[in-house]
Each structure stands twice: as structure tokens, then as C-alpha cells.
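Source file: model-v6.pdb (PDB, C-alpha atoms)
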ATOM      1  CA  MET C   1     -37.117  19.620  37.104
ATOM      2  CA  ALA C   2     -36.312  16.987  34.520
ATOM      3  CA  ARG C   3     -32.637  16.358  33.946
ATOM      4  CA  SER C   4     -31.277  17.084  30.476
ATOM      5  CA  PHE C   5     -29.737  14.233  28.492
ATOM      6  CA  ASN C   6     -25.939  14.326  28.470
ATOM      7  CA  PRO C   7     -24.535  12.119  25.661
ATOM      8  CA  ILE C   8     -21.003  12.463  27.051
ATOM      9  CA  VAL C   9     -21.944  10.171  29.936
ATOM     10  CA  PHE C  10     -22.705   7.335  27.504
ATOM     11  CA  PHE C  11     -19.670   7.853  25.265
ATOM     12  CA  PRO C  12     -17.260   5.664  27.326
ATOM     13  CA  LEU C  13     -19.901   2.907  27.422
ATOM     14  CA  LEU C  14     -20.313   3.105  23.655
ATOM     15  CA  ILE C  15     -16.546   2.896  23.074
ATOM     16  CA  THR C  16     -16.307  -0.078  25.434
ATOM     17  CA  LEU C  17     -19.141  -1.859  23.639
ATOM     18  CA  LEU C  18     -17.632  -1.231  20.189
ATOM     19  CA  ALA C  19     -14.201  -2.403  21.368
ATOM     20  CA  TYR C  20     -15.774  -5.603  22.739
ATOM     21  CA  LEU C  21     -17.747  -6.289  19.563
ATOM     22  CA  SER C  22     -14.712  -5.670  17.367
ATOM     23  CA  GLN C  23     -12.649  -8.426  19.002
ATOM     24  CA  PRO C  24     -11.881 -11.384  16.720
ATOM     25  CA  PRO C  25     -13.984 -14.489  17.331
ATOM     26  CA  HIS C  26     -12.584 -17.492  19.108
ATOM     27  CA  PRO C  27     -10.813 -19.852  16.653
ATOM     28  CA  ARG C  28     -13.381 -22.557  17.305
ATOM     29  CA  ASP C  29     -16.074 -20.255  15.905
ATOM     30  CA  LEU C  30     -14.324 -19.935  12.536
ATOM     31  CA  LYS C  31     -14.197 -22.366   9.641
ATOM     32  CA  PRO C  32     -11.008 -23.350   7.776
ATOM     33  CA  LYS C  33     -10.187 -20.292   5.703
ATOM     34  CA  VAL C  34     -11.040 -20.030   2.007
ATOM     35  CA  PHE C  35      -9.261 -17.519  -0.246
ATOM     36  CA  VAL C  36     -10.723 -16.614  -3.652
ATOM     37  CA  LEU C  37      -7.863 -15.917  -6.049
ATOM     38  CA  GLY C  38      -9.805 -14.831  -9.127
ATOM     39  CA  LEU C  39      -9.159 -11.362 -10.505
ATOM     40  CA  SER C  40     -11.853  -8.731 -10.986
ATOM     41  CA  LYS C  41     -14.884  -9.766 -13.067
ATOM     42  CA  THR C  42     -14.285 -13.503 -12.732
ATOM     43  CA  GLY C  43     -17.201 -14.089 -10.348
ATOM     44  CA  THR C  44     -15.537 -13.188  -7.044
ATOM     45  CA  THR C  45     -18.592 -11.468  -5.553
ATOM     46  CA  SER C  46     -20.874 -14.352  -6.513
ATOM     47  CA  LEU C  47     -18.536 -16.853  -4.860
ATOM     48  CA  GLY C  48     -18.233 -14.619  -1.806
ATOM     49  CA  ASP C  49     -22.031 -14.484  -1.555
ATOM     50  CA  GLY C  50     -22.113 -18.262  -1.832
ATOM     51  CA  LEU C  51     -19.592 -18.692   0.971
ATOM     52  CA  ALA C  52     -21.554 -16.241   3.120
ATOM     53  CA  GLN C  53     -24.701 -18.320   2.598
ATOM     54  CA  LEU C  54     -22.745 -21.331   3.841
ATOM     55  CA  GLY C  55     -21.989 -19.488   7.076
ATOM     56  CA  TYR C  56     -18.517 -18.160   6.325
ATOM     57  CA  LYS C  57     -17.521 -14.804   7.778
ATOM     58  CA  ARG C  58     -16.524 -13.096   4.591
ATOM     59  CA  LEU C  59     -14.275 -10.139   3.757
ATOM     60  CA  GLY C  60     -14.974  -8.626   0.337
ATOM     61  CA  TRP C  61     -14.571  -5.359  -1.505
ATOM     62  CA  LYS C  62     -17.619  -3.817   0.167
ATOM     63  CA  SER C  63     -15.622  -3.654   3.387
ATOM     64  CA  ILE C  64     -13.406  -0.602   3.737
ATOM     65  CA  LEU C  65     -10.770  -2.956   5.158
ATOM     66  CA  SER C  66     -10.193  -4.462   1.706
ATOM     67  CA  ARG C  67      -9.347  -1.047   0.275
ATOM     68  CA  TYR C  68      -6.966  -0.383   3.139
ATOM     69  CA  LEU C  69      -5.193  -3.707   2.623
ATOM     70  CA  SER C  70      -4.956  -3.123  -1.149
ATOM     71  CA  TYR C  71      -3.250   0.230  -0.690
ATOM     72  CA  SER C  72      -0.995  -1.306   1.940
ATOM     73  CA  TYR C  73      -0.114  -4.085  -0.506
ATOM     74  CA  HIS C  74       0.976  -1.501  -3.058
ATOM     75  CA  ARG C  75       3.089   0.298  -0.495
ATOM     76  CA  TYR C  76       4.808  -2.748   0.965
ATOM     77  CA  ALA C  77       4.769  -5.310  -1.848
ATOM     78  CA  LEU C  78       4.652  -3.596  -5.246
ATOM     79  CA  SER C  79       6.913  -0.713  -4.256
ATOM     80  CA  PRO C  80      10.541  -1.353  -3.275
ATOM     81  CA  ALA C  81      10.422  -2.321   0.387
ATOM     82  CA  ASP C  82      12.958  -3.495   2.937
ATOM     83  CA  GLU C  83      12.548  -6.587   5.082
ATOM     84  CA  GLN C  84      11.133  -4.613   8.001
ATOM     85  CA  GLU C  85       8.359  -3.180   5.815
ATOM     86  CA  ARG C  86       7.565  -6.634   4.395
ATOM     87  CA  LEU C  87       7.254  -8.091   7.879
ATOM     88  CA  ALA C  88       5.083  -5.148   8.905
ATOM     89  CA  TYR C  89       2.679  -5.911   6.068
ATOM     90  CA  LEU C  90       2.575  -9.595   6.979
ATOM     91  CA  ASP C  91       1.702  -8.560  10.517
ATOM     92  CA  ILE C  92      -1.152  -6.409   9.151
ATOM     93  CA  LEU C  93      -2.460  -9.386   7.150
ATOM     94  CA  LYS C  94      -2.183 -11.721  10.114
ATOM     95  CA  ARG C  95      -4.089  -9.398  12.447
ATOM     96  CA  GLN C  96      -6.869  -8.687   9.955
ATOM     97  CA  THR C  97      -7.373 -12.212   8.625
ATOM     98  CA  GLU C  98      -8.084 -13.412  12.160
ATOM     99  CA  TYR C  99     -11.513 -11.793  11.908
ATOM    100  CA  TYR C 100     -12.798 -13.706   8.878
ATOM    101  CA  ASP C 101     -12.722 -17.111   7.228
ATOM    102  CA  ALA C 102     -13.586 -16.275   3.567
ATOM    103  CA  PHE C 103     -11.791 -13.693   1.450
ATOM    104  CA  GLU C 104     -12.451 -12.417  -2.057
ATOM    105  CA  ASP C 105     -11.357  -9.573  -4.327
ATOM    106  CA  LEU C 106      -8.201  -7.520  -3.807
ATOM    107  CA  PRO C 107      -5.594  -7.948  -2.422
ATOM    108  CA  TRP C 108      -6.079 -11.695  -1.825
ATOM    109  CA  PRO C 109      -5.305 -12.925  -5.377
ATOM    110  CA  PHE C 110      -1.803 -11.503  -4.941
ATOM    111  CA  VAL C 111      -0.920 -12.719  -1.433
ATOM    112  CA  TYR C 112      -1.780 -16.407  -1.866
ATOM    113  CA  ALA C 113       1.763 -17.577  -1.083
ATOM    114  CA  GLU C 114       1.820 -15.657   2.191
ATOM    115  CA  MET C 115      -1.657 -16.905   3.147
ATOM    116  CA  ALA C 116      -0.825 -20.520   2.234
ATOM    117  CA  LYS C 117       2.163 -20.438   4.584
ATOM    118  CA  MET C 118       0.306 -18.537   7.305
ATOM    119  CA  TYR C 119      -2.708 -20.889   7.223
ATOM    120  CA  PRO C 120      -1.659 -24.461   6.336
ATOM    121  CA  SER C 121      -5.272 -25.714   6.422
ATOM    122  CA  ALA C 122      -6.644 -22.946   4.172
ATOM    123  CA  LYS C 123      -8.035 -23.722   0.725
ATOM    124  CA  PHE C 124      -7.841 -21.579  -2.396
ATOM    125  CA  ILE C 125     -10.178 -21.136  -5.360
ATOM    126  CA  LEU C 126      -8.883 -19.739  -8.644
ATOM    127  CA  LEU C 127     -11.730 -18.272 -10.675
ATOM    128  CA  THR C 128     -11.241 -18.067 -14.437
ATOM    129  CA  ARG C 129     -13.335 -17.051 -17.421
ATOM    130  CA  ASP C 130     -13.399 -17.207 -21.172
ATOM    131  CA  GLU C 131     -10.886 -14.528 -22.116
ATOM    132  CA  GLY C 132     -13.214 -12.789 -24.558
ATOM    133  CA  LYS C 133     -16.031 -12.552 -22.022
ATOM    134  CA  TRP C 134     -13.627 -11.466 -19.289
ATOM    135  CA  MET C 135     -12.247  -8.700 -21.476
ATOM    136  CA  LYS C 136     -15.742  -7.453 -22.303
ATOM    137  CA  SER C 137     -16.631  -7.321 -18.615
ATOM    138  CA  MET C 138     -13.373  -5.599 -17.727
ATOM    139  CA  ARG C 139     -13.806  -2.968 -20.408
ATOM    140  CA  THR C 140     -17.200  -2.069 -18.984
ATOM    141  CA  HIS C 141     -15.961  -2.230 -15.394
ATOM    142  CA  LEU C 142     -12.967   0.044 -15.917
ATOM    143  CA  ALA C 143     -15.108   2.529 -17.843
ATOM    144  CA  ARG C 144     -17.141   3.216 -14.682
ATOM    145  CA  GLY C 145     -14.370   5.342 -13.231
ATOM    146  CA  ILE C 146     -10.609   5.643 -12.932
ATOM    147  CA  TRP C 147      -8.979   3.977  -9.948
ATOM    148  CA  ILE C 148      -5.225   3.951  -9.422
ATOM    149  CA  GLY C 149      -5.309   0.276  -8.413
ATOM    150  CA  TYR C 150      -6.224  -0.811 -11.942
ATOM    151  CA  GLU C 151      -2.790   0.244 -13.142
ATOM    152  CA  TRP C 152      -1.073  -1.472 -10.217
ATOM    153  CA  PHE C 153      -2.769  -4.824 -10.753
ATOM    154  CA  TYR C 154      -3.601  -4.866 -14.483
ATOM    155  CA  GLY C 155      -1.155  -2.397 -16.009
ATOM    156  CA  VAL C 156      -3.913  -0.148 -17.413
ATOM    157  CA  GLU C 157      -6.368   2.438 -16.074
ATOM    158  CA  ALA C 158      -8.865   1.811 -18.872
ATOM    159  CA  ILE C 159      -9.247  -0.440 -21.896
ATOM    160  CA  ASN C 160      -9.486   1.786 -24.951
ATOM    161  CA  SER C 161      -7.156   0.108 -27.444
ATOM    162  CA  LYS C 162      -5.739  -3.218 -28.583
ATOM    163  CA  LEU C 163      -2.596  -2.459 -26.585
ATOM    164  CA  ASP C 164      -4.686  -1.970 -23.430
ATOM    165  CA  GLU C 165      -6.446  -5.285 -24.083
ATOM    166  CA  GLU C 166      -3.187  -7.144 -24.556
ATOM    167  CA  THR C 167      -1.661  -5.582 -21.428
ATOM    168  CA  ALA C 168      -4.637  -6.584 -19.281
ATOM    169  CA  LEU C 169      -4.748 -10.064 -20.803
ATOM    170  CA  GLN C 170      -1.061 -10.577 -20.098
ATOM    171  CA  ALA C 171      -1.645  -9.647 -16.443
ATOM    172  CA  TYR C 172      -4.595 -12.064 -16.302
ATOM    173  CA  ARG C 173      -2.652 -14.946 -17.867
ATOM    174  CA  LYS C 174       0.470 -14.284 -15.798
ATOM    175  CA  HIS C 175      -1.559 -14.333 -12.586
ATOM    176  CA  ASN C 176      -3.362 -17.592 -13.388
ATOM    177  CA  THR C 177      -0.133 -19.301 -14.440
ATOM    178  CA  ALA C 178       1.647 -18.158 -11.271
ATOM    179  CA  VAL C 179      -1.153 -19.462  -9.029
ATOM    180  CA  GLU C 180      -1.258 -22.832 -10.810
ATOM    181  CA  GLY C 181       2.505 -23.125 -10.580
ATOM    182  CA  TYR C 182       2.640 -22.339  -6.882
ATOM    183  CA  PHE C 183       0.021 -24.935  -5.945
ATOM    184  CA  ALA C 184       1.255 -27.596  -8.381
ATOM    185  CA  ASP C 185       3.020 -29.471  -5.555
ATOM    186  CA  LYS C 186       0.299 -28.792  -2.972
ATOM    187  CA  PRO C 187      -2.476 -31.269  -3.841
ATOM    188  CA  GLY C 188      -5.930 -30.646  -2.434
ATOM    189  CA  ARG C 189      -5.395 -26.976  -1.642
ATOM    190  CA  LEU C 190      -6.402 -25.354  -4.969
ATOM    191  CA  MET C 191      -9.544 -25.687  -7.067
ATOM    192  CA  GLU C 192     -10.131 -23.927 -10.381
ATOM    193  CA  MET C 193     -13.642 -22.794 -11.244
ATOM    194  CA  ASN C 194     -14.702 -21.310 -14.599
ATOM    195  CA  ILE C 195     -18.052 -19.510 -14.345
ATOM    196  CA  ASP C 196     -18.482 -19.497 -18.140
ATOM    197  CA  GLU C 197     -18.332 -23.285 -18.224
ATOM    198  CA  GLY C 198     -21.052 -23.837 -15.613
ATOM    199  CA  GLN C 199     -18.672 -24.790 -12.830
ATOM    200  CA  ALA C 200     -20.020 -22.228 -10.334
ATOM    201  CA  THR C 201     -22.423 -24.593  -8.561
ATOM    202  CA  TRP C 202     -23.147 -25.569  -4.982
ATOM    203  CA  GLU C 203     -22.077 -29.126  -5.712
ATOM    204  CA  CYS C 204     -18.698 -28.044  -7.095
ATOM    205  CA  LEU C 205     -18.004 -25.677  -4.202
ATOM    206  CA  CYS C 206     -19.187 -27.980  -1.460
ATOM    207  CA  SER C 207     -17.195 -30.937  -2.754
ATOM    208  CA  PHE C 208     -14.040 -28.855  -2.349
ATOM    209  CA  ILE C 209     -14.662 -27.246   1.050
ATOM    210  CA  SER C 210     -16.582 -30.221   2.503
ATOM    211  CA  CYS C 211     -19.950 -28.628   3.279
ATOM    212  CA  LYS C 212     -22.116 -30.394   5.830
ATOM    213  CA  HIS C 213     -25.168 -29.541   3.748
ATOM    214  CA  VAL C 214     -25.498 -28.612   0.062
ATOM    215  CA  PRO C 215     -27.950 -25.686  -0.255
ATOM    216  CA  ASP C 216     -31.010 -25.853  -2.449
ATOM    217  CA  GLY C 217     -31.640 -23.288  -5.153
ATOM    218  CA  LYS C 218     -29.417 -21.560  -7.672
ATOM    219  CA  PHE C 219     -25.861 -20.480  -6.995
ATOM    220  CA  PRO C 220     -25.575 -16.681  -6.470
ATOM    221  CA  ARG C 221     -24.944 -14.452  -9.478
ATOM    222  CA  SER C 222     -23.899 -11.079  -8.148
ATOM    223  CA  ASN C 223     -22.239  -7.849  -9.271
ATOM    224  CA  SER C 224     -23.363  -8.258 -12.879
ATOM    225  CA  ALA C 225     -23.541  -5.339 -15.297
ATOM    226  CA  GLU C 226     -27.285  -5.118 -14.655
ATOM    227  CA  SER C 227     -26.735  -4.689 -10.916
ATOM    228  CA  TRP C 228     -24.576  -1.599 -11.516
ATOM    229  CA  GLY C 229     -27.346   0.193 -13.368
ATOM    230  CA  ASP C 230     -24.915   1.408 -16.023
ATOM    231  CA  GLY C 231     -26.352   4.304 -17.976
ATOM    232  CA  THR C 232     -29.214   4.883 -15.537
ATOM    233  CA  LEU C 233     -29.616   7.932 -13.320
ATOM    234  CA  MET C 234     -29.450   5.837 -10.120
ATOM    235  CA  GLY C 235     -26.368   4.054 -11.382
ATOM    236  CA  LYS C 236     -24.594   7.358 -12.031
ATOM    237  CA  LEU C 237     -25.658   8.815  -8.675
ATOM    238  CA  GLY C 238     -24.569   5.673  -6.852
ATOM    239  CA  ALA C 239     -21.060   5.987  -8.298
ATOM    240  CA  ILE C 240     -20.508   9.474  -6.855
ATOM    241  CA  PRO C 241     -19.631   8.507  -3.232
ATOM    242  CA  MET C 242     -17.187   5.807  -4.354
ATOM    243  CA  THR C 243     -15.544   8.226  -6.782
ATOM    244  CA  ILE C 244     -15.044  10.802  -4.024
ATOM    245  CA  ILE C 245     -13.575   8.173  -1.669
ATOM    246  CA  SER C 246     -11.239   6.929  -4.415
ATOM    247  CA  ARG C 247      -9.982  10.436  -5.174
ATOM    248  CA  VAL C 248      -9.258  11.130  -1.495
ATOM    249  CA  GLU C 249      -7.496   7.797  -1.076
ATOM    250  CA  GLU C 250      -5.396   8.361  -4.173
ATOM    251  CA  ALA C 251      -4.402  11.852  -3.008
ATOM    252  CA  VAL C 252      -3.168  10.457   0.290
ATOM    253  CA  VAL C 253      -1.298   7.607  -1.418
ATOM    254  CA  SER C 254       0.324  10.039  -3.860
ATOM    255  CA  LEU C 255       1.345  12.305  -0.995
ATOM    256  CA  LEU C 256       2.976   9.455   0.874
ATOM    257  CA  GLU C 257       4.808   8.202  -2.194
ATOM    258  CA  ASN C 258       6.370  11.631  -2.753
ATOM    259  CA  GLN C 259       7.203  12.217   0.908
ATOM    260  CA  LYS C 260       8.739   8.904   1.893
ATOM    261  CA  GLY C 261      10.985   9.241   4.926
ATOM    262  CA  THR C 262       9.945  12.802   5.765
ATOM    263  CA  ARG C 263       8.273  14.221   8.876
ATOM    264  CA  LEU C 264       5.180  14.934   6.785
ATOM    265  CA  GLU C 265       4.893  11.270   5.882
ATOM    266  CA  SER C 266       5.212  10.287   9.522
ATOM    267  CA  PHE C 267       2.498  12.777  10.497
ATOM    268  CA  VAL C 268       0.109  11.636   7.762
ATOM    269  CA  LEU C 269       0.719   7.965   8.528
ATOM    270  CA  LYS C 270      -0.043   8.485  12.205
ATOM    271  CA  GLY C 271      -3.212  10.379  11.344
ATOM    272  CA  MET C 272      -4.299   7.731   8.838
ATOM    273  CA  PHE C 273      -3.486   4.971  11.323
ATOM    274  CA  LEU C 274      -5.782   6.505  13.935
ATOM    275  CA  PHE C 275      -8.493   7.094  11.320
ATOM    276  CA  TRP C 276      -8.356   3.539   9.957
ATOM    277  CA  LYS C 277      -8.221   2.103  13.479
ATOM    278  CA  ALA C 278     -11.452   3.907  14.373
ATOM    279  CA  VAL C 279     -13.088   2.908  11.080
ATOM    280  CA  LEU C 280     -12.046  -0.732  11.423
ATOM    281  CA  VAL C 281     -13.375  -0.943  14.977
ATOM    282  CA  LEU C 282     -16.733   0.425  13.799
ATOM    283  CA  ASP C 283     -16.693  -1.832  10.735
ATOM    284  CA  GLN C 284     -15.912  -4.961  12.753
ATOM    285  CA  ALA C 285     -18.473  -4.049  15.400
ATOM    286  CA  THR C 286     -21.095  -3.756  12.664
ATOM    287  CA  VAL C 287     -20.106  -7.124  11.178
ATOM    288  CA  GLU C 288     -20.186  -8.889  14.538
ATOM    289  CA  THR C 289     -23.541  -7.327  15.430
ATOM    290  CA  TRP C 290     -25.023  -8.427  12.088
ATOM    291  CA  TRP C 291     -23.800 -11.988  12.615
ATOM    292  CA  TYR C 292     -25.145 -12.019  16.180
ATOM    293  CA  PHE C 293     -28.685 -11.125  15.121
ATOM    294  CA  ARG C 294     -28.435 -13.431  12.101
ATOM    295  CA  ASP C 295     -27.525 -16.388  14.315
ATOM    296  CA  ILE C 296     -30.359 -15.846  16.809
ATOM    297  CA  LYS C 297     -33.093 -15.719  14.156
TER     298      LYS C 297
END
Kindly return the structure encoded in the file as C-alpha cells.
Amino acid sequence: MARSFNPIVFFPLLITLLAYLSQPPHPRDLKPKVFVLGLSKTGTTSLGDGLAQLGYKRLGWKSILSRYLSYSYHRYALSPADEQERLAYLDILKRQTEYYDAFEDLPWPFVYAEMAKMYPSAKFILLTRDEGKWMKSMRTHLARGIWIGYEWFYGVEAINSKLDEETALQAYRKHNTAVEGYFADKPGRLMEMNIDEGQATWECLCSFISCKHVPDGKFPRSNSAESWGDGTLMGKLGAIPMTIISRVEEAVVSLLENQKGTRLESFVLKGMFLFWKAVLVLDQATVETWWYFRDIK
């Protein structure tokens, strides 16, 4: 009689394999880290795609880890926090940045000082745009759905009035000025790149990060309004999963904010910690597997 398949027998092997794949690479396998400090709709995804084409292991908004780190940033950095909480967040950043060598989108534009101290050889790229074009892109972007992080980082949930525009612009200008000021006495570590002035090129990027080879072809142009399919049926359907995830995340964040220091908060945090740990192991295992097959092609 043929034996029936018992998946439980293979479960420990699967967990062992995922744990192995999720380990950070040896330092010699990583490049000097590059942090993209541009805010939303300044060309961060395009630059991230460019760095990925150059062989950088990249962490962007498509990874669930970025969302986790952004919510953690709000909890430990934007909210009143004691020294122990601040150090805990720095430990989170240290452990997670070991996996990658290129970083774009949130929360990286707001932790540049911490990353500059943590990684003395890292380089930073501040992406900027024509303010009018940036505002137009942001208005469209924020109209795709409400996310609590918009208010944290830009001071508005949507751009529906002149006051909203001015609030977002003030956040944009304040951020760029702060970055320029911080790196003013750190020559060679910061480059500014304006995508509206034709500066997003392979030559410009490679001259800053010292590429061994400058790629042929056009520089990536990603995450444009056309790629979202705004107004189309597929575009609307594609936004549904992200909306659901955002609502669940926001509910948990709201619960924790209102229950700080309680047993309920401790219970939820422990549950979320286990959930994120499992998700991050799977996410990192997927990334490492993708890179393995990419490298053997």
C-alpha cells in the first residue's frame, strides 16, 4: 500500500531552510550603502530601480519591511519617546539595514543622521523636483487613498486646498533644507539630483557611487501616474489590497497609541512582533532566493 504524504514531516525542514535563507549576507557581499533621501514623488522608485540594476540589494516601499519601519519610526521618533525607546529603534534599524545596501522611500529620508553615524562609508542622494510639478504629482498620489503616514510626514492627508498645498510644501522645503544643512560639513557624502532638470542619468549616478561599469540604455522611469492606471478598472482593483492592509495597520497603530503602558498593549506588541518576525523571515528568504537565481543566470 502506498504511503500517504504527510506535510508535517517536511515542516521543520522548510523552517530550517527559510531561516538559513533569511540570514544577512556576509559584509564582503554587500556594497557601500546608498540611502535615497528624496520624499515621495521625487523619483525614489526610479532611482531604486537604477541601483538594483547596478547590483545593489535594495529595500523599497514594495517590501513590507519598509511599512513596518515607518510605523516604528512614528512610534519611537515622532511620538514622545524616552532614551530606551530611541535606542530600541536604532537597534531595529541596525538589524534590518544589515540585509541591504540601497534604501529608498520611507522612513529613510528622516533617519539620515542616524544612518550617517551608523555607516560612515555610506552615501546619500537627495532627490528634488520643481515644486509645481512635485505638488501636482503629490495631489494625484494622495488622492489614491488615505494613509495615516501622509499626515505624519507631510502634515496633510490629502491636498484639497491652498492651505494643504502650503503645508505640504513647507514640509518638503524644511526636509530638503535640513538634509543640506546636516551634510554641509561632510563633503563627498551627499549628492542632489533633480529629475525635472535631467540629472537622473547613469553618468550622474555612477560618478557619485563609483560604478565599475556605466550601463547602456535609458535610466529607469518608474512609478509614474501611467503605471498606477488611475481611473482604470485594473487600477482601482489593484488598490483594494493595499487599502485593506493600510486600514488594518492603522487600526493596530491607533490601538497601541491609546493603550500605551497597558497589558493590552504588551499583548498586541508581542503578537505583532511574532507576526512581523515570521513575515520578515519569509520576505528575506524570498529576496535571497531571487538574488541567488539572478546571479546564476
List the residues matched by the PyMOL selection byres ((chain C and resi 208) around 10) in the displayed structure as a ChimeraX atom specification, ordered by chain and then by residue number. /C:123-125,188-191,203-207,209-211
Could you take the residues named above and write them with C-alpha atoms, as a PDB file, in the frame of the given file?
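File written: part.pdb
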ATOM      1  CA  LYS C 123      -8.035 -23.722   0.725  1.00  0.00           C
ATOM      2  CA  PHE C 124      -7.841 -21.579  -2.396  1.00  0.00           C
ATOM      3  CA  ILE C 125     -10.178 -21.136  -5.360  1.00  0.00           C
ATOM      4  CA  GLY C 188      -5.930 -30.646  -2.434  1.00  0.00           C
ATOM      5  CA  ARG C 189      -5.395 -26.976  -1.642  1.00  0.00           C
ATOM      6  CA  LEU C 190      -6.402 -25.354  -4.969  1.00  0.00           C
ATOM      7  CA  MET C 191      -9.544 -25.687  -7.067  1.00  0.00           C
ATOM      8  CA  GLU C 203     -22.077 -29.126  -5.712  1.00  0.00           C
ATOM      9  CA  CYS C 204     -18.698 -28.044  -7.095  1.00  0.00           C
ATOM     10  CA  LEU C 205     -18.004 -25.677  -4.202  1.00  0.00           C
ATOM     11  CA  CYS C 206     -19.187 -27.980  -1.460  1.00  0.00           C
ATOM     12  CA  SER C 207     -17.195 -30.937  -2.754  1.00  0.00           C
ATOM     13  CA  ILE C 209     -14.662 -27.246   1.050  1.00  0.00           C
ATOM     14  CA  SER C 210     -16.582 -30.221   2.503  1.00  0.00           C
ATOM     15  CA  CYS C 211     -19.950 -28.628   3.279  1.00  0.00           C
TER      16      CYS C 211
END
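CA of Asn194 (chain C) lies 9.8 Å from CA of Gly38 (chain C).
Of the listed residues (C:Thr201, C:Gln53, C:Gln84, C:Ser121), C:Ser121 comes nearest to Val34 (chain C); the distances count only C-alpha atoms.
The coordinates place CA of Asn176 (chain C) at 20.4 Å from CA of Glu157 (chain C).
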Residue by residue, what does the PyMOL selection byres ((chain C and resi 55-69) around 9) grab here? Present the result as a compact mmCIF listing (two decimals) with C-alpha atoms, keeping the file's coordinate frame.
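Generated output (part-v3.txt):
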# COMPACT_ATOMS: atom_id res chain seq x y z
CA LEU C 30 -14.32 -19.93 12.54
CA LYS C 31 -14.20 -22.37 9.64
CA LYS C 33 -10.19 -20.29 5.70
CA VAL C 34 -11.04 -20.03 2.01
CA THR C 44 -15.54 -13.19 -7.04
CA THR C 45 -18.59 -11.47 -5.55
CA GLY C 48 -18.23 -14.62 -1.81
CA ASP C 49 -22.03 -14.48 -1.56
CA GLY C 50 -22.11 -18.26 -1.83
CA LEU C 51 -19.59 -18.69 0.97
CA ALA C 52 -21.55 -16.24 3.12
CA GLN C 53 -24.70 -18.32 2.60
CA LEU C 54 -22.74 -21.33 3.84
CA SER C 70 -4.96 -3.12 -1.15
CA TYR C 71 -3.25 0.23 -0.69
CA SER C 72 -1.00 -1.31 1.94
CA TYR C 73 -0.11 -4.08 -0.51
CA HIS C 74 0.98 -1.50 -3.06
CA TYR C 89 2.68 -5.91 6.07
CA ILE C 92 -1.15 -6.41 9.15
CA LEU C 93 -2.46 -9.39 7.15
CA GLN C 96 -6.87 -8.69 9.96
CA THR C 97 -7.37 -12.21 8.62
CA TYR C 99 -11.51 -11.79 11.91
CA TYR C 100 -12.80 -13.71 8.88
CA ASP C 101 -12.72 -17.11 7.23
CA ALA C 102 -13.59 -16.27 3.57
CA PHE C 103 -11.79 -13.69 1.45
CA GLU C 104 -12.45 -12.42 -2.06
CA ASP C 105 -11.36 -9.57 -4.33
CA LEU C 106 -8.20 -7.52 -3.81
CA PRO C 107 -5.59 -7.95 -2.42
CA TRP C 276 -8.36 3.54 9.96
CA VAL C 279 -13.09 2.91 11.08
CA LEU C 280 -12.05 -0.73 11.42
CA ASP C 283 -16.69 -1.83 10.74
CA VAL C 287 -20.11 -7.12 11.18
CA TRP C 291 -23.80 -11.99 12.62
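Going from CA of Asp130 (chain C) to CA of Ala168 (chain C) covers 13.9 Å.
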Point out the residue among C:Glu166, C:Glu131, C:Glu98, C:Glu83 with the least atom-to-atom distance to Asp196 (chain C), counting only C-alpha atoms. C:Glu131
C:Ala200, C:Lys212, C:Val111, C:Gln170: which is nearest Tyr76 (chain C), counting all atoms listed in the file?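 Using all atoms listed in the file, Tyr76 (chain C) sits closest to C:Val111.
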Leu169 (chain C) environment, 12 Å, all atoms listed in the file, sequence neighbours closer than 3 positions dropped, as a PDB file with C-alpha atoms, in the frame of the given file:
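Result went into out-v1.pdb, see below:
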ATOM      1  CA  LEU C  39      -9.159 -11.362 -10.505  1.00  0.00           C
ATOM      2  CA  ARG C 129     -13.335 -17.051 -17.421  1.00  0.00           C
ATOM      3  CA  ASP C 130     -13.399 -17.207 -21.172  1.00  0.00           C
ATOM      4  CA  GLU C 131     -10.886 -14.528 -22.116  1.00  0.00           C
ATOM      5  CA  GLY C 132     -13.214 -12.789 -24.558  1.00  0.00           C
ATOM      6  CA  LYS C 133     -16.031 -12.552 -22.022  1.00  0.00           C
ATOM      7  CA  TRP C 134     -13.627 -11.466 -19.289  1.00  0.00           C
ATOM      8  CA  MET C 135     -12.247  -8.700 -21.476  1.00  0.00           C
ATOM      9  CA  LYS C 136     -15.742  -7.453 -22.303  1.00  0.00           C
ATOM     10  CA  MET C 138     -13.373  -5.599 -17.727  1.00  0.00           C
ATOM     11  CA  ARG C 139     -13.806  -2.968 -20.408  1.00  0.00           C
ATOM     12  CA  PHE C 153      -2.769  -4.824 -10.753  1.00  0.00           C
ATOM     13  CA  TYR C 154      -3.601  -4.866 -14.483  1.00  0.00           C
ATOM     14  CA  GLY C 155      -1.155  -2.397 -16.009  1.00  0.00           C
ATOM     15  CA  VAL C 156      -3.913  -0.148 -17.413  1.00  0.00           C
ATOM     16  CA  ILE C 159      -9.247  -0.440 -21.896  1.00  0.00           C
ATOM     17  CA  LYS C 162      -5.739  -3.218 -28.583  1.00  0.00           C
ATOM     18  CA  LEU C 163      -2.596  -2.459 -26.585  1.00  0.00           C
ATOM     19  CA  ASP C 164      -4.686  -1.970 -23.430  1.00  0.00           C
ATOM     20  CA  GLU C 165      -6.446  -5.285 -24.083  1.00  0.00           C
ATOM     21  CA  GLU C 166      -3.187  -7.144 -24.556  1.00  0.00           C
ATOM     22  CA  TYR C 172      -4.595 -12.064 -16.302  1.00  0.00           C
ATOM     23  CA  ARG C 173      -2.652 -14.946 -17.867  1.00  0.00           C
ATOM     24  CA  LYS C 174       0.470 -14.284 -15.798  1.00  0.00           C
ATOM     25  CA  HIS C 175      -1.559 -14.333 -12.586  1.00  0.00           C
ATOM     26  CA  ASN C 176      -3.362 -17.592 -13.388  1.00  0.00           C
TER      27      ASN C 176
END
Write out as JSON an axis-aligned box for region 180-194 of chain C: all of its atoms listed in the file, 5 Å added on each side, centre and edge lengths in Å with one decimal.
{"center_x": -5.8, "center_y": -26.3, "center_z": -8.1, "size_x": 27.7, "size_y": 20.0, "size_z": 23.0}
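Among the candidates C:Arg75, C:Pro109, C:Arg144, C:Glu85, the one nearest to Thr128 (chain C) when counting only C-alpha atoms is C:Pro109.
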Hey, which of C:Phe183, C:Trp202, C:Phe219, C:Phe267 ends up closest to Ala113 (chain C)? Count only C-alpha atoms.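 Selected residue with least distance to Ala113 (chain C): C:Phe183.
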